[in-house]
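Quick notes on the structure that follows.
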Amino acid sequence: MTDKLIIFDTTLRDGEQSPGASMTRDEKLRIARQLERLKVDVIEAGFAASSNGDFECVKAIAEVVKDSTICSLARANDRDISRAAEALKPANSARLHLFLATSALHMEKKLRMTPDQVFEQAKLSVRFARNLMADIEFSPEDGYRSDPDFLCRVIEAVISEGATTINVPDTVGYAIPELYGNFIKNLRERIPNSDKAVWSVHCHNDLGMAVANSLAGVKIGGARQIECTINGLGERAGNCSLEEVVMAVKTRKDYFGLELGIDTQQILAASRLVSQTTGFVVQPNKAVVGANAFAHASGIHQDGVLKARDTYEIMRAEDVGWSANKIVLGKLSGRNAFKQRLQELGVAMESETDINNAFIKFKDLADRKSEIFDEDILALVSDESVTHSNEQYGFVSLSQHSETGERPHACVVFTVAGKEVKGQSDGNGPVDASLKAIETHVKSGAEMVLYSVNAISGSTESQGEVTVRLQNSGRVVNGVGSDPDIVVASAKAYLSALNKLQSKADRVAAQG
Ligand code: KIV
Ligand code: ZN
């Protein structure tokens, strides 16, 4: 029998909790399809009871994704559990993920419950959930900082009630690999029915050790599920990064001896999709998916790699999808070729009108840029004017004048609820002038907390991808825009962030 390691991806739930990373339903669906192509075993699609929007996202993903198990998070109460089970109804294979804090700090200060009350609630909630579904995961939140005696009591009880996976979160990223591994080993040895459940690790990266801790939980502790996110996306310093943990287990199979179901050639596409959707740029020296991860700059290394690859390379770039970075389409490509490439990239357009709109944008881009890469197409379809024509704000056109020694001036035409308006302003630079021109109408009062520009495919001919992070009344959102003209990309990113600020903020935080 093979010893399999289950990969549980929580990009769409824990990853999305990162301030500014919130995604629309269509964006989540697109990522979920890519996760399915990546062959992740479990996709945590959201937290259905936290908002109607999240409920709809979990349901839509359960309807569309058929090869992975679809999971929804739920607090350990009947209402949350029923709501999650309802959203998961269309799934081929579904899982409920219940969580309840067990550390003294969380029980006393956050839940204001006694340990006995938490024990009872954990037990009853799993009993309730088990009547609705067979696949039940239980997470004692802040588990790693919980009293081991109390944790043993709770875990033994929830396994008796039918929990099939026990996840031990290091919620605040406090663990050290050896200690975390032994913590899990100790729990498994002490709990009499521990062999009736799969053990899982869930590590946050506050001390930069989420991947190392997760691997120690597997190697020392005997866990057989890792919870992780694409690019390590997540609150604060993020979660355990899927690409790193997967490639560690695959590359060092000699040490871990575990089987994985992941199609690693889909890793880079997943990383790019998540980065382009959320506006969280991947650092160049990021392991596995960073632009420099397989670039050998030093002469000695280049020479070595040319003579024999494995002198300096422990993984093959192709194995994580790097060779997929090819020119796919050009000016002469027709609508059918474009449509087929969209399908290959997993982009589902809801109507022929959406495809036509996207194709017009593609032709427009191909007129200005001779080589169109997959990244260009993904950027183009994440442009809201293509896929979300009913948004409050939409970009129309921009003109600006800047000259050395003169104050730049911009004029931006955009739509507000479908009606065209024109804003004009001076600014410190053309980007500043353009965003101020938009604000002459919108008057959002939002504070800009981040502005970044990135070249999508690496050269000056490439499209500029701009991320704008805005903060207003406690909400933080990211807007992303792309265009060969970075001033236009900036205006699109700003309007996209304003659209996100507009959408309702009625969600319940998972660790709230
Ligand atoms: O970090 C955490 O504790 C969580 C739980 C909700 C599983 O994300
Ligand atoms: Zn978490």
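Each chain in the structure tokens gets a letter, A, B and so on, in the order shown; residues start at 1 in every chain, and ligands are counted from 1 in the order they appear.
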Selection near Glu137 in chain A, 10 Å with only C-alpha atoms, sequence-local residues under 5 positions removed, as a ChimeraX atom specification: /A:71,73,95-99,126,129,158-159,162-167,197-200
Who sits within 9 Å of Asp3 in chain A, only C-alpha atoms, same chain under 4 positions skipped, as a PyMOL selection string: chain A and resi 224+257-260
Between A:Ile456, A:Glu420, A:Glu313, A:Leu435, which is the closest to Phe373 in chain A once you count only C-alpha atoms?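 Distance minimum relative to Phe373 in chain A lands on A:Ile456.
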Using only C-alpha atoms and all ligand atoms, can you tell me which of A:Gln471, A:Thr11, A:Ser399, A:Gln340 comes closest to ligand 2?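 Smallest distance to ligand 2 is found for A:Thr11.
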Given a cut-off of 10 Å, what residues near ligand 1 show up using only C-alpha atoms and all ligand atoms, put as a PyMOL selection string? chain A and resi 10+13-15+17+47+73-75+97-101+137-144+167-173+201-204+227+234-235+238-239+509-512
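Within range 133-358 of chain A, DSSP run on the backbone puts these residues in strand (DSSP E): Ile136, Glu137, Phe138, Ser139, Pro140, Glu141, Thr165, Ile166, Asn167, Val168, Pro169, Asp170, Val198, Trp199, Ser200, Val201, His202, Cys203, Gln225, Ile226, Glu227, Cys228, Ile327, Val328 and Leu329 of chain A.
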In range 49-195 of chain A, what's alpha helix (DSSP H) per DSSP? Answer as JSON, numbers by chain? {"A": [52, 53, 54, 55, 56, 57, 58, 59, 60, 61, 62, 63, 64, 78, 79, 80, 81, 82, 83, 84, 85, 86, 87, 104, 105, 115, 116, 117, 118, 119, 120, 121, 122, 123, 124, 125, 126, 127, 128, 129, 130, 148, 149, 150, 151, 152, 153, 154, 155, 156, 157, 158, 159, 160, 177, 178, 179, 180, 181, 182, 183, 184, 185, 186, 187, 188, 189, 190]}
Excluding same-chain residues fewer than 5 positions from Asp432 in chain A, what lies within 12 Å of it counting only C-alpha atoms, as an mmCIF file with C-alpha atoms, in the first residue's frame?
```cif
data_model
loop_
_atom_site.group_PDB
_atom_site.id
_atom_site.type_symbol
_atom_site.label_atom_id
_atom_site.label_comp_id
_atom_site.auth_asym_id
_atom_site.auth_seq_id
_atom_site.Cartn_x
_atom_site.Cartn_y
_atom_site.Cartn_z
ATOM 1 C CA GLN A 400 -1.789 62.797 -20.329
ATOM 2 C CA SER A 402 4.314 65.200 -19.191
ATOM 3 C CA ARG A 407 3.855 69.671 -14.053
ATOM 4 C CA PRO A 408 2.116 66.649 -15.668
ATOM 5 C CA HIS A 409 -1.567 66.869 -16.518
ATOM 6 C CA ALA A 410 -4.003 63.987 -17.131
ATOM 7 C CA CYS A 411 -7.531 63.612 -18.425
ATOM 8 C CA VAL A 412 -9.307 60.295 -17.685
ATOM 9 C CA GLN A 424 -8.827 66.203 -15.152
ATOM 10 C CA SER A 425 -5.981 67.004 -12.803
ATOM 11 C CA ASP A 426 -2.343 67.947 -12.393
ATOM 12 C CA GLY A 427 -0.054 65.735 -10.351
ATOM 13 C CA ALA A 437 -8.274 63.000 -12.126
ATOM 14 C CA ILE A 438 -10.389 59.956 -11.181
ATOM 15 C CA GLU A 439 -10.755 61.236 -7.612
ATOM 16 C CA MET A 448 -3.340 54.456 -0.885
ATOM 17 C CA TYR A 451 1.453 51.061 -5.404
ATOM 18 C CA ILE A 486 1.699 51.823 -17.294
ATOM 19 C CA VAL A 487 -0.258 55.048 -16.731
ATOM 20 C CA VAL A 488 -3.333 53.353 -18.203
ATOM 21 C CA SER A 490 -2.447 52.413 -13.052
ATOM 22 C CA ALA A 491 -5.822 54.001 -13.793
ATOM 23 C CA TYR A 494 -7.207 52.231 -9.236
#
```
Calculated over only C-alpha atoms and all ligand atoms, which of the candidates A:Ala210, A:Val118, A:Ile7, A:Val413 has the smallest distance to ligand 2?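 Ranking A:Ala210, A:Val118, A:Ile7, A:Val413 by distance to ligand 2, first place goes to A:Ala210.
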Write out as a PyMOL selection string which residues come within 9 Å of Val416 in chain A when counting only C-alpha atoms, dropping same-chain ones fewer than 2 positions away. chain A and resi 391-394+414+418-421+442
Can you tell me, as a list in words, what residues are no more than 9 Å from Arg272 in chain A when counting only C-alpha atoms, ignoring any on the same chain fewer than 6 positions away? Asn231, Val281, Val282, Val289, Glu375 and Leu378 of chain A
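Comparing A:Ala295, A:Val154, A:Met113, A:Ile226 by their smallest distance to ligand 2, the closest is A:Ile226 (using only C-alpha atoms and all ligand atoms).
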Who sits within 10 Å of Phe338 in chain A, only C-alpha atoms, same chain under 5 positions skipped, as a list in words: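 Non-adjacent residues within range: Val328, Leu329, Gly330, Ser333, Gln343, Glu344, Ile355, Ala358, Phe359, Phe362, Lys363 and Ile377 of chain A.
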With C-alpha atoms retained, export the selected residues as a short mmCIF file (atom, residue, chain, number, x, y, z; two decimals), in the first residue's frame.
```cif
data_model
loop_
_atom_site.label_atom_id
_atom_site.label_comp_id
_atom_site.auth_asym_id
_atom_site.auth_seq_id
_atom_site.Cartn_x
_atom_site.Cartn_y
_atom_site.Cartn_z
CA VAL A 328 1.06 31.46 -27.73
CA LEU A 329 -0.71 33.86 -30.03
CA GLY A 330 -0.10 36.87 -32.24
CA SER A 333 -4.56 34.52 -34.50
CA GLN A 343 -10.02 26.90 -22.44
CA GLU A 344 -6.50 25.47 -22.08
CA ILE A 355 -15.57 36.07 -25.33
CA ALA A 358 -12.06 39.65 -24.60
CA PHE A 359 -11.20 38.96 -28.24
CA PHE A 362 -6.78 40.74 -27.41
CA LYS A 363 -6.67 42.13 -30.98
CA ILE A 377 -4.02 36.55 -21.77
#
```
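For the set A:Ser125, A:Ser103, A:Asn205, A:Ser82, the residue with the smallest atom-to-atom gap to ligand 2 is A:Asn205, counting only C-alpha atoms and all ligand atoms.
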When distances are computed from only C-alpha atoms, which of A:Ile267, A:Leu12, A:Ile136, A:Leu111 shows the smallest separation from Arg37 in chain A? A:Ile267
Would you kindly return, as a list in words, each protein, DNA or RNA residue with an atom no farther than 8 Å from any atom of Asn92 in chain A, considering only C-alpha atoms and excluding same-chain residues fewer than 6 positions away?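 In the requested form, the answer reads Ala62, Lys66, Asp67 and Thr69 of chain A.
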